[in-house]
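Have a look at upload16.csv; it's CSV, C-alpha atoms:
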```csv
chain,number,residue,atom,x,y,z
A,4,MET,CA,2.3,24.8,38.1
A,5,SER,CA,6.0,24.2,38.2
A,6,ASN,CA,7.9,21.2,36.9
A,7,ALA,CA,11.2,20.3,35.2
A,8,ALA,CA,9.9,21.7,31.9
A,9,ASP,CA,10.0,25.2,33.2
A,10,SER,CA,13.7,25.0,34.0
A,11,LYS,CA,15.8,27.9,32.8
A,12,ASP,CA,19.5,27.5,32.3
A,13,SER,CA,22.2,29.4,34.1
A,14,ARG,CA,21.7,32.4,31.7
A,15,GLY,CA,18.0,32.5,32.4
A,16,TRP,CA,17.2,31.1,28.9
A,17,PRO,CA,14.0,29.2,28.8
A,18,LEU,CA,13.7,25.7,27.4
A,19,TYR,CA,12.1,25.0,24.1
A,20,GLN,CA,10.9,21.7,22.6
A,21,VAL,CA,11.9,21.2,19.0
A,22,PHE,CA,9.8,19.6,16.3
A,23,ILE,CA,11.2,18.8,12.8
A,24,ARG,CA,9.4,17.8,9.7
A,25,SER,CA,11.5,15.6,7.5
A,26,LYS,CA,11.5,15.8,3.7
A,27,ALA,CA,9.2,12.9,3.2
A,28,GLY,CA,7.2,13.4,6.4
A,29,LEU,CA,3.9,15.1,6.7
A,30,ASP,CA,4.0,15.8,10.4
A,31,HIS,CA,6.5,17.5,12.6
A,32,LYS,CA,8.1,15.1,15.0
A,33,HIS,CA,9.5,15.9,18.4
A,34,VAL,CA,13.3,15.6,18.2
A,35,GLY,CA,14.6,17.2,21.5
A,36,SER,CA,14.9,20.4,23.3
A,37,LEU,CA,17.3,23.4,23.7
A,38,HIS,CA,17.7,26.6,25.6
A,39,ALA,CA,17.4,29.9,23.8
A,40,SER,CA,16.8,33.5,24.7
A,41,ASP,CA,13.5,33.7,22.7
A,42,ALA,CA,11.5,31.7,20.2
A,43,GLN,CA,13.2,33.1,17.1
A,44,HIS,CA,16.6,32.4,18.6
A,45,ALA,CA,15.4,28.9,19.3
A,46,VAL,CA,14.5,28.4,15.6
A,47,THR,CA,18.0,29.6,14.6
A,48,LEU,CA,19.7,27.3,17.0
A,49,ALA,CA,17.5,24.4,16.2
A,50,ARG,CA,18.6,24.6,12.6
A,51,ASP,CA,22.2,24.1,13.7
A,52,VAL,CA,21.6,21.6,16.5
A,53,TYR,CA,19.0,19.4,14.9
A,54,THR,CA,19.1,19.7,11.1
A,55,ARG,CA,22.9,19.5,10.5
A,56,ARG,CA,22.5,16.2,8.6
A,57,GLN,CA,19.6,17.1,6.4
A,58,GLU,CA,17.1,15.8,8.9
A,59,GLY,CA,14.4,18.3,8.0
A,60,VAL,CA,12.7,21.0,5.9
A,61,SER,CA,10.7,22.7,8.6
A,62,ILE,CA,11.2,23.6,12.2
A,63,TRP,CA,8.7,24.3,15.0
A,64,VAL,CA,9.7,25.3,18.5
A,65,VAL,CA,7.3,25.4,21.5
A,66,PRO,CA,8.1,26.9,24.9
A,67,SER,CA,8.3,23.9,27.2
A,68,ASN,CA,6.2,25.6,29.8
A,69,ALA,CA,3.4,25.8,27.3
A,70,ILE,CA,3.1,22.0,27.4
A,71,THR,CA,0.8,20.6,30.0
A,72,ALA,CA,1.6,16.9,30.7
A,73,SER,CA,-0.2,14.0,32.3
A,74,ASP,CA,0.9,13.2,35.8
A,75,PRO,CA,3.6,10.4,35.7
A,76,THR,CA,2.4,9.1,39.1
A,77,GLN,CA,-1.1,8.5,37.5
A,78,LYS,CA,0.5,6.5,34.7
A,79,SER,CA,-0.8,3.1,35.9
A,80,GLU,CA,-4.3,4.2,36.8
A,81,ASN,CA,-4.6,6.1,33.5
A,82,PHE,CA,-3.2,3.6,31.1
A,83,ASP,CA,-3.1,0.1,32.6
A,84,PRO,CA,-6.9,-0.4,32.4
A,85,MET,CA,-6.7,-0.5,28.6
A,86,ALA,CA,-4.8,-3.7,28.7
A,87,ASN,CA,-7.7,-6.1,29.1
A,88,LYS,CA,-10.1,-4.3,26.8
A,89,ILE,CA,-9.3,-6.4,23.7
A,90,TYR,CA,-12.7,-5.6,22.2
A,91,ARG,CA,-11.4,-2.0,21.5
A,92,HIS,CA,-9.1,-3.5,18.8
A,93,PRO,CA,-10.8,-4.3,15.5
A,94,THR,CA,-9.9,-8.0,15.7
A,95,PHE,CA,-13.4,-9.5,15.8
A,96,TYR,CA,-14.3,-9.2,12.2
A,97,ASP,CA,-14.5,-12.0,9.7
A,98,ILE,CA,-12.6,-10.8,6.7
A,99,PRO,CA,-14.2,-12.1,3.4
A,100,GLU,CA,-12.1,-14.5,1.4
A,101,GLU,CA,-11.9,-12.1,-1.6
A,102,ILE,CA,-10.3,-9.3,0.5
A,103,GLY,CA,-7.4,-11.5,1.3
A,104,HIS,CA,-4.7,-10.4,3.8
A,105,MET,CA,-5.1,-7.1,5.5
B,9,MET,CA,36.5,25.4,-22.1
B,10,SER,CA,36.2,27.3,-18.9
B,11,THR,CA,37.3,30.9,-18.6
B,12,PHE,CA,39.3,31.2,-15.4
B,13,LEU,CA,38.7,34.0,-12.9
B,14,PRO,CA,42.1,35.5,-11.8
B,15,GLU,CA,43.9,33.7,-9.1
B,16,GLN,CA,44.3,36.8,-7.0
B,17,SER,CA,40.5,37.1,-6.6
B,18,LEU,CA,40.1,33.4,-5.8
B,19,LEU,CA,42.8,33.6,-3.1
B,20,THR,CA,41.3,36.8,-1.7
B,21,LEU,CA,38.0,35.2,-0.9
B,22,ALA,CA,39.6,31.8,-0.1
B,23,ASP,CA,41.9,33.3,2.5
B,24,THR,CA,39.2,35.5,3.9
B,25,CYS,CA,37.0,32.5,4.4
B,26,LEU,CA,39.9,30.4,5.8
B,27,LEU,CA,41.1,33.0,8.4
B,28,SER,CA,37.6,34.1,9.5
B,29,GLY,CA,36.7,30.4,9.7
B,30,HIS,CA,39.7,29.8,11.9
B,31,ARG,CA,38.8,32.7,14.1
B,32,LEU,CA,35.3,31.2,14.5
B,33,SER,CA,36.8,27.8,15.3
B,34,GLU,CA,38.7,29.4,18.2
B,35,TRP,CA,35.3,29.5,20.0
B,36,CYS,CA,34.9,25.8,19.8
B,37,GLY,CA,34.2,24.6,23.3
B,38,HIS,CA,34.1,28.1,24.6
B,39,GLY,CA,30.8,29.3,23.2
B,40,PRO,CA,28.5,31.3,25.5
B,41,ALA,CA,26.0,28.4,25.4
B,42,LEU,CA,26.2,24.8,24.2
B,43,GLU,CA,23.6,25.4,21.4
B,44,GLU,CA,25.4,28.6,20.3
B,45,ASP,CA,28.8,26.8,20.4
B,46,ILE,CA,27.4,24.2,18.0
B,47,ALA,CA,25.9,26.9,15.7
B,48,LEU,CA,29.1,28.9,15.6
B,49,THR,CA,31.2,25.8,14.9
B,50,ASN,CA,28.9,24.9,12.0
B,51,THR,CA,29.5,28.4,10.6
B,52,ALA,CA,33.3,27.9,11.1
B,53,LEU,CA,33.1,24.7,9.1
B,54,ASP,CA,31.1,26.4,6.4
B,55,ALA,CA,33.7,29.1,6.0
B,56,ILE,CA,36.6,26.6,6.0
B,57,GLY,CA,34.7,24.5,3.5
B,58,GLN,CA,34.3,27.5,1.2
B,59,ALA,CA,38.0,28.2,1.5
B,60,ARG,CA,38.8,24.5,0.6
B,61,GLY,CA,36.6,24.7,-2.5
B,62,LEU,CA,38.5,27.7,-3.8
B,63,LEU,CA,42.0,26.5,-2.7
B,64,GLN,CA,41.5,23.2,-4.5
B,65,ILE,CA,40.8,25.1,-7.7
B,66,VAL,CA,43.8,27.3,-7.3
B,67,ALA,CA,46.0,24.4,-6.4
B,68,ALA,CA,44.9,22.4,-9.4
B,69,ARG,CA,45.5,25.3,-11.8
B,70,ARG,CA,48.9,26.0,-10.3
B,71,GLY,CA,50.0,22.4,-10.6
B,72,GLY,CA,53.5,21.5,-9.5
B,73,GLY,CA,52.4,19.6,-6.5
B,74,ALA,CA,50.4,22.4,-5.0
B,75,THR,CA,47.5,21.2,-2.8
B,76,GLU,CA,44.8,22.9,-0.8
B,77,ASP,CA,46.8,21.9,2.3
B,78,SER,CA,50.1,23.3,1.0
B,79,LEU,CA,48.3,26.6,0.2
B,80,ALA,CA,46.6,26.7,3.6
B,81,TYR,CA,49.4,25.5,5.9
B,82,LEU,CA,52.7,26.1,4.1
B,83,ARG,CA,52.2,29.6,2.6
B,84,ASP,CA,53.8,32.5,4.3
B,85,ALA,CA,51.7,35.2,5.9
B,86,ALA,CA,52.9,37.8,3.4
B,87,ASP,CA,51.4,35.7,0.5
B,88,PHE,CA,47.9,35.5,2.0
B,89,CYS,CA,45.4,37.7,0.2
B,90,ASN,CA,42.6,38.0,2.8
B,91,VAL,CA,40.8,41.2,3.5
B,92,ALA,CA,42.2,42.5,6.8
B,93,LEU,CA,38.9,42.2,8.7
B,94,ALA,CA,39.0,38.4,8.4
B,95,SER,CA,41.9,38.1,10.9
B,96,ALA,CA,40.6,40.6,13.4
B,97,THR,CA,40.7,39.0,16.8
B,98,ASN,CA,37.6,37.6,18.5
B,99,VAL,CA,37.9,39.7,21.7
B,100,ASP,CA,34.4,38.8,22.8
B,101,TYR,CA,31.1,37.6,21.3
B,102,ALA,CA,30.1,41.1,20.1
B,103,HIS,CA,33.3,41.5,18.1
B,104,THR,CA,32.8,38.0,16.7
B,105,VAL,CA,29.3,38.4,15.5
B,106,LEU,CA,29.9,41.9,14.2
B,107,ARG,CA,32.9,40.6,12.1
B,108,SER,CA,30.7,37.8,10.7
B,109,MET,CA,28.0,40.3,9.8
B,110,LEU,CA,30.4,42.8,8.1
B,111,LEU,CA,32.1,40.0,6.2
B,112,ALA,CA,29.0,38.1,5.1
B,113,ALA,CA,27.4,41.3,3.6
B,114,TRP,CA,30.5,41.8,1.6
B,115,GLN,CA,30.8,38.2,0.5
B,116,ILE,CA,27.2,37.6,-0.6
B,117,PRO,CA,27.2,39.7,-3.8
B,118,ILE,CA,30.6,38.3,-4.8
B,119,TRP,CA,29.3,34.7,-4.4
B,120,ASP,CA,26.2,35.7,-6.3
B,121,ALA,CA,28.3,37.2,-9.1
B,122,TRP,CA,30.4,34.1,-9.3
B,123,LEU,CA,27.3,31.8,-9.4
B,124,THR,CA,26.9,32.7,-13.0
B,125,SER,CA,30.6,33.0,-13.9
B,126,ALA,CA,31.9,31.3,-17.0
B,127,ASP,CA,34.5,29.8,-14.6
B,128,ARG,CA,32.5,26.7,-14.0
B,129,ASP,CA,34.6,25.3,-11.1
B,130,VAL,CA,34.2,28.5,-9.2
B,131,ALA,CA,30.4,28.7,-10.0
B,132,ALA,CA,30.0,25.2,-8.4
B,133,VAL,CA,31.6,26.4,-5.2
B,134,ALA,CA,29.6,29.5,-5.2
B,135,ALA,CA,26.3,27.6,-5.5
B,136,ASN,CA,26.6,26.3,-2.0
B,137,ALA,CA,28.6,29.2,-0.6
B,138,ALA,CA,26.0,31.8,-1.6
B,139,LYS,CA,23.4,30.0,0.6
B,140,GLU,CA,25.8,29.5,3.5
B,141,ALA,CA,26.8,33.1,3.5
B,142,ARG,CA,23.1,34.1,3.7
B,143,VAL,CA,22.7,32.0,6.8
B,144,GLN,CA,25.8,33.5,8.3
B,145,TRP,CA,24.5,37.0,7.5
B,146,ARG,CA,21.1,36.3,9.1
B,147,GLN,CA,22.5,34.8,12.3
B,148,ALA,CA,25.2,37.4,12.8
B,149,ARG,CA,22.9,40.3,12.0
B,150,ASP,CA,20.4,38.8,14.5
B,151,TRP,CA,23.0,38.8,17.2
B,152,VAL,CA,24.2,42.3,16.4
B,153,VAL,CA,20.7,43.6,16.8
B,154,ARG,CA,20.3,41.8,20.1
B,155,PHE,CA,23.6,43.3,21.4
B,156,GLY,CA,22.7,46.8,20.3
B,157,ASP,CA,19.1,46.7,21.5
B,158,GLY,CA,19.8,44.6,24.6
B,159,THR,CA,21.3,45.7,27.9
B,160,ASP,CA,23.7,48.5,28.7
B,161,GLU,CA,26.5,46.0,28.9
B,162,SER,CA,25.7,44.3,25.6
B,163,ARG,CA,25.4,47.7,23.9
B,164,ARG,CA,28.7,48.9,25.3
B,165,ARG,CA,30.4,45.7,23.9
B,166,LEU,CA,28.8,46.2,20.4
B,167,LEU,CA,29.9,49.9,20.3
B,168,ALA,CA,33.5,48.8,21.2
B,169,ALA,CA,33.4,46.2,18.5
B,170,ILE,CA,32.2,48.8,15.9
B,171,ASP,CA,35.1,51.1,17.0
B,172,ALA,CA,37.6,48.3,16.5
B,173,GLN,CA,36.3,46.9,13.2
B,174,TRP,CA,34.6,49.7,11.3
B,175,PRO,CA,38.0,51.2,10.3
B,176,LEU,CA,38.8,47.8,8.6
B,177,CYS,CA,35.8,48.0,6.3
B,178,PRO,CA,37.1,50.5,3.8
B,179,GLU,CA,40.0,48.2,2.9
B,180,MET,CA,37.6,45.3,2.4
B,181,LEU,CA,35.2,47.4,0.2
B,182,ALA,CA,38.1,48.7,-1.8
B,183,THR,CA,39.5,45.2,-2.5
B,184,PRO,CA,39.0,44.5,-6.2
B,185,MET,CA,37.2,41.3,-6.9
B,186,ALA,CA,37.0,40.0,-10.5
B,187,GLY,CA,33.4,39.6,-11.8
B,188,ALA,CA,31.9,41.8,-9.1
B,189,ASP,CA,31.1,45.5,-9.4
B,190,ALA,CA,32.9,47.1,-6.4
B,191,ALA,CA,30.8,50.3,-6.5
B,192,VAL,CA,27.5,48.5,-6.6
B,193,ASN,CA,28.6,46.1,-3.9
B,194,GLN,CA,29.7,48.9,-1.7
B,195,GLN,CA,26.3,50.6,-2.1
B,196,GLN,CA,24.4,47.3,-1.3
B,197,TRP,CA,26.7,46.7,1.7
B,198,THR,CA,26.2,50.2,3.0
B,199,ASP,CA,22.4,49.9,2.7
B,200,ALA,CA,22.4,46.6,4.4
B,201,MET,CA,24.5,48.0,7.3
B,202,ALA,CA,22.3,51.1,7.6
B,203,ALA,CA,19.3,48.8,8.1
B,204,ALA,CA,21.1,46.5,10.6
B,205,PHE,CA,22.5,49.4,12.6
B,206,ALA,CA,19.1,51.0,12.7
B,207,ASP,CA,17.5,47.8,14.0
B,208,ALA,CA,20.3,47.6,16.6
B,209,THR,CA,19.6,51.2,17.6
B,210,VAL,CA,23.3,52.1,17.3
B,211,PRO,CA,24.7,54.9,15.1
B,212,MET,CA,26.5,53.9,11.9
B,213,PRO,CA,29.8,55.8,11.6
B,214,ALA,CA,30.8,57.3,8.2
B,215,LEU,CA,33.2,55.2,6.2
B,216,LEU,CA,36.7,56.6,6.2
B,217,PRO,CA,38.6,56.9,2.9
B,218,ALA,CA,40.5,53.6,2.3
B,219,ALA,CA,43.8,55.6,2.1
B,220,SER,CA,43.4,57.3,5.5
B,221,GLU,CA,45.9,56.8,8.3
B,222,THR,CA,43.3,55.4,10.6
B,223,VAL,CA,42.5,52.7,8.1
B,224,ALA,CA,46.1,51.9,7.5
B,225,ALA,CA,46.8,51.6,11.2
B,226,ALA,CA,43.8,49.3,11.7
B,227,VAL,CA,44.9,47.1,8.7
B,228,GLY,CA,48.4,47.0,10.1
B,229,SER,CA,47.3,45.7,13.5
B,230,ALA,CA,45.0,43.1,11.8
B,231,ARG,CA,48.0,42.0,9.7
B,232,LEU,CA,50.0,41.4,13.0
B,233,ALA,CA,47.1,39.4,14.3
B,234,ARG,CA,47.1,37.4,11.1
B,235,ALA,CA,50.8,36.5,11.6
B,236,GLU,CA,49.9,35.2,15.1
B,237,LEU,CA,46.9,33.3,13.8
B,238,LEU,CA,48.9,31.6,11.0
B,239,ALA,CA,51.7,30.7,13.5
B,240,GLU,CA,49.2,28.7,15.4
B,241,MET,CA,47.1,27.4,12.5
B,242,GLN,CA,50.2,26.3,10.6
B,243,SER,CA,52.3,25.0,13.5
B,244,LEU,CA,51.3,21.4,13.3
B,245,ALA,CA,51.7,21.1,9.5
B,246,ARG,CA,55.1,22.8,9.7
B,247,GLN,CA,56.4,20.7,12.6
B,248,HIS,CA,55.1,17.4,11.3
B,249,ALA,CA,55.3,17.5,7.5
B,250,GLY,CA,52.7,15.3,5.9
B,251,ALA,CA,51.1,14.4,9.2
B,252,THR,CA,47.9,12.4,9.0
B,253,TRP,CA,45.5,10.9,11.5
```
Go ahead and render the structure in this file as structure tokens.
Amino acid sequence: MSNAADSKDSRGWPLYQVFIRSKAGLDHKHVGSLHASDAQHAVTLARDVYTRRQEGVSIWVVPSNAITASDPTQKSENFDPMANKIYRHPTFYDIPEEIGHM
Amino acid sequence: MSTFLPEQSLLTLADTCLLSGHRLSEWCGHGPALEEDIALTNTALDAIGQARGLLQIVAARRGGGATEDSLAYLRDAADFCNVALASATNVDYAHTVLRSMLLAAWQIPIWDAWLTSADRDVAAVAANAAKEARVQWRQARDWVVRFGDGTDESRRRLLAAIDAQWPLCPEMLATPMAGADAAVNQQQWTDAMAAAFADATVPMPALLPAASETVAAAVGSARLARAELLAEMQSLARQHAGATW
């Protein structure tokens, strides 16, 4: 499989996706990507590119080509059918008076 | 009442940080990769920030209208107290990262010693600087290992950088710094270098005596490079006195 996520830059450095956990956050959130010569180098660079303003306390990097993505051309057939299945949302319960607003 | 560390020591580290920071800033926009350019520029700002912290202290104690800016931009080259290695030219990325590694290993024990200094103003600057210097050390060492243990070309460049900069190290290690034990620091520095050079798979040369002719010649040429650096760094402030933007 080949796609844009495999792209190496002009030096042949592979692309890494960067995930940062903020001080208050429990999970690492995707913040962007960068090119680096290897994974350790990517962590080093991610510190300077993505945590310059105290954005985080922990960094993960993942080689972009390790990510398998859904096919964008299948977007409508994959996701549009959910639109009319309102019974999948928990909106059909009568909430007892004493619970109040949820 | 704070006990003041001697001005000479403060200026030695301030000027070393200022000039090495300026050298790193010369890479701004020219880094080997966008990400590396950002990382290196951050390091330059760290170094210049450390210099500012110390120069503000020196200026306040001198009084008489001295400011961090007047010390940085209106002082003559002969009055700068940096270790010679700080102004060594960039040449290429191998020279740049080697210089950062050699300087950081020397600075870390000094910042650490100043952390607990009775000179409270200096200790406050050291609190942040000791951490920043460790990042600089780690990043630079990482690159030195990659250069040494990389391709024939990268190794050749690192060896050339060692040839150029190793003779500057004895002068740096012999520079007296108040509050720090030079002999202990030199031993720590040498141990750290031995490990880094081993990881980089390059031989570590013996340190020459600080008084040797080779060292004097290397220091002399770094001083010439410093004059050129200052001519550029100070040109704006000297041509447009008090310029702001």
Pull out every residue of chain B that has at least one atom within 9 Å of chain A, counting only C-alpha atoms, and report them as a short mmCIF file (atom, residue, chain, number, x, y, z; two decimals) with C-alpha atoms, in the frame of the given file.
```
data_model
loop_
_atom_site.label_atom_id
_atom_site.label_comp_id
_atom_site.auth_asym_id
_atom_site.auth_seq_id
_atom_site.Cartn_x
_atom_site.Cartn_y
_atom_site.Cartn_z
CA ALA B 41 26.00 28.40 25.40
CA LEU B 42 26.20 24.80 24.20
CA GLU B 43 23.60 25.40 21.40
CA GLU B 44 25.40 28.60 20.30
CA ILE B 46 27.40 24.20 18.00
CA ALA B 47 25.90 26.90 15.70
CA LEU B 48 29.10 28.90 15.60
CA ASN B 50 28.90 24.90 12.00
CA GLN B 147 22.50 34.80 12.30
CA ASP B 150 20.40 38.80 14.50
#
```
Nearby residues, (11.0, 32.8, 30.5) file frame, 12 Å, all atoms listed in the file, as a ChimeraX atom specification: /A:8-12,14-19,38-42,66-69
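Separating CA of Leu13 (chain B) from CA of Ala126 (chain B) is a distance of 8.4 Å.
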Separation of CA of Leu21 (chain B) from CA of Ala55 (chain B) in Å: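 Here the two named atoms are 10.2 Å from each other.
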Pairwise distance for CA of Trp174 (chain B) and CA of Ser33 (chain B), rounded to one decimal in Å: 22.4 Å
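Residue neighbourhood of Arg83 (chain B), excluding near-sequence residues (fewer than 3 positions): B:Leu19, B:Asp23, B:Leu63, B:Ala74, B:Thr75, B:Glu76, B:Asp77, B:Ser78, B:Leu79, B:Ala80, B:Ala86, B:Asp87, B:Phe88, B:Cys89, B:Ala235, B:Leu238, B:Ala239, B:Met241, B:Gln242, B:Ser243, B:Ala245, B:Arg246, at 12 Å, using only C-alpha atoms.
Among the candidates A:Ile23, A:Ala86, A:Val46, A:Met105, the residue lying nearest to Gly59 (chain A) is A:Ile23 (atoms considered: only C-alpha atoms).
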From B:Thr51, B:Gln64, B:Ser162, B:Gln115, residue lying nearest Gln196 (chain B) [only C-alpha atoms]: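 For Gln196 (chain B), the nearest of the candidates is B:Gln115.
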Local residues around (7.5, 18.0, 5.2), at most 12 Å away, using only C-alpha atoms, as a list in words: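 The requested residues, written out, are Phe22, Ile23, Arg24, Ser25, Lys26, Ala27, Gly28, Leu29, Asp30, His31, Lys32, Glu58, Gly59, Val60, Ser61, Ile62 and Trp63 of chain A.
Residue nearest Ala131 (chain B) within the list B:Thr183, B:Tyr81, B:Ile118, B:Ser229: B:Ile118 [criterion: smallest interatomic distance, only C-alpha atoms].
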Pick from B:His248, B:His30, B:Arg164, B:Arg107 nearest to Asp54 (chain B), counting only C-alpha atoms: B:His30
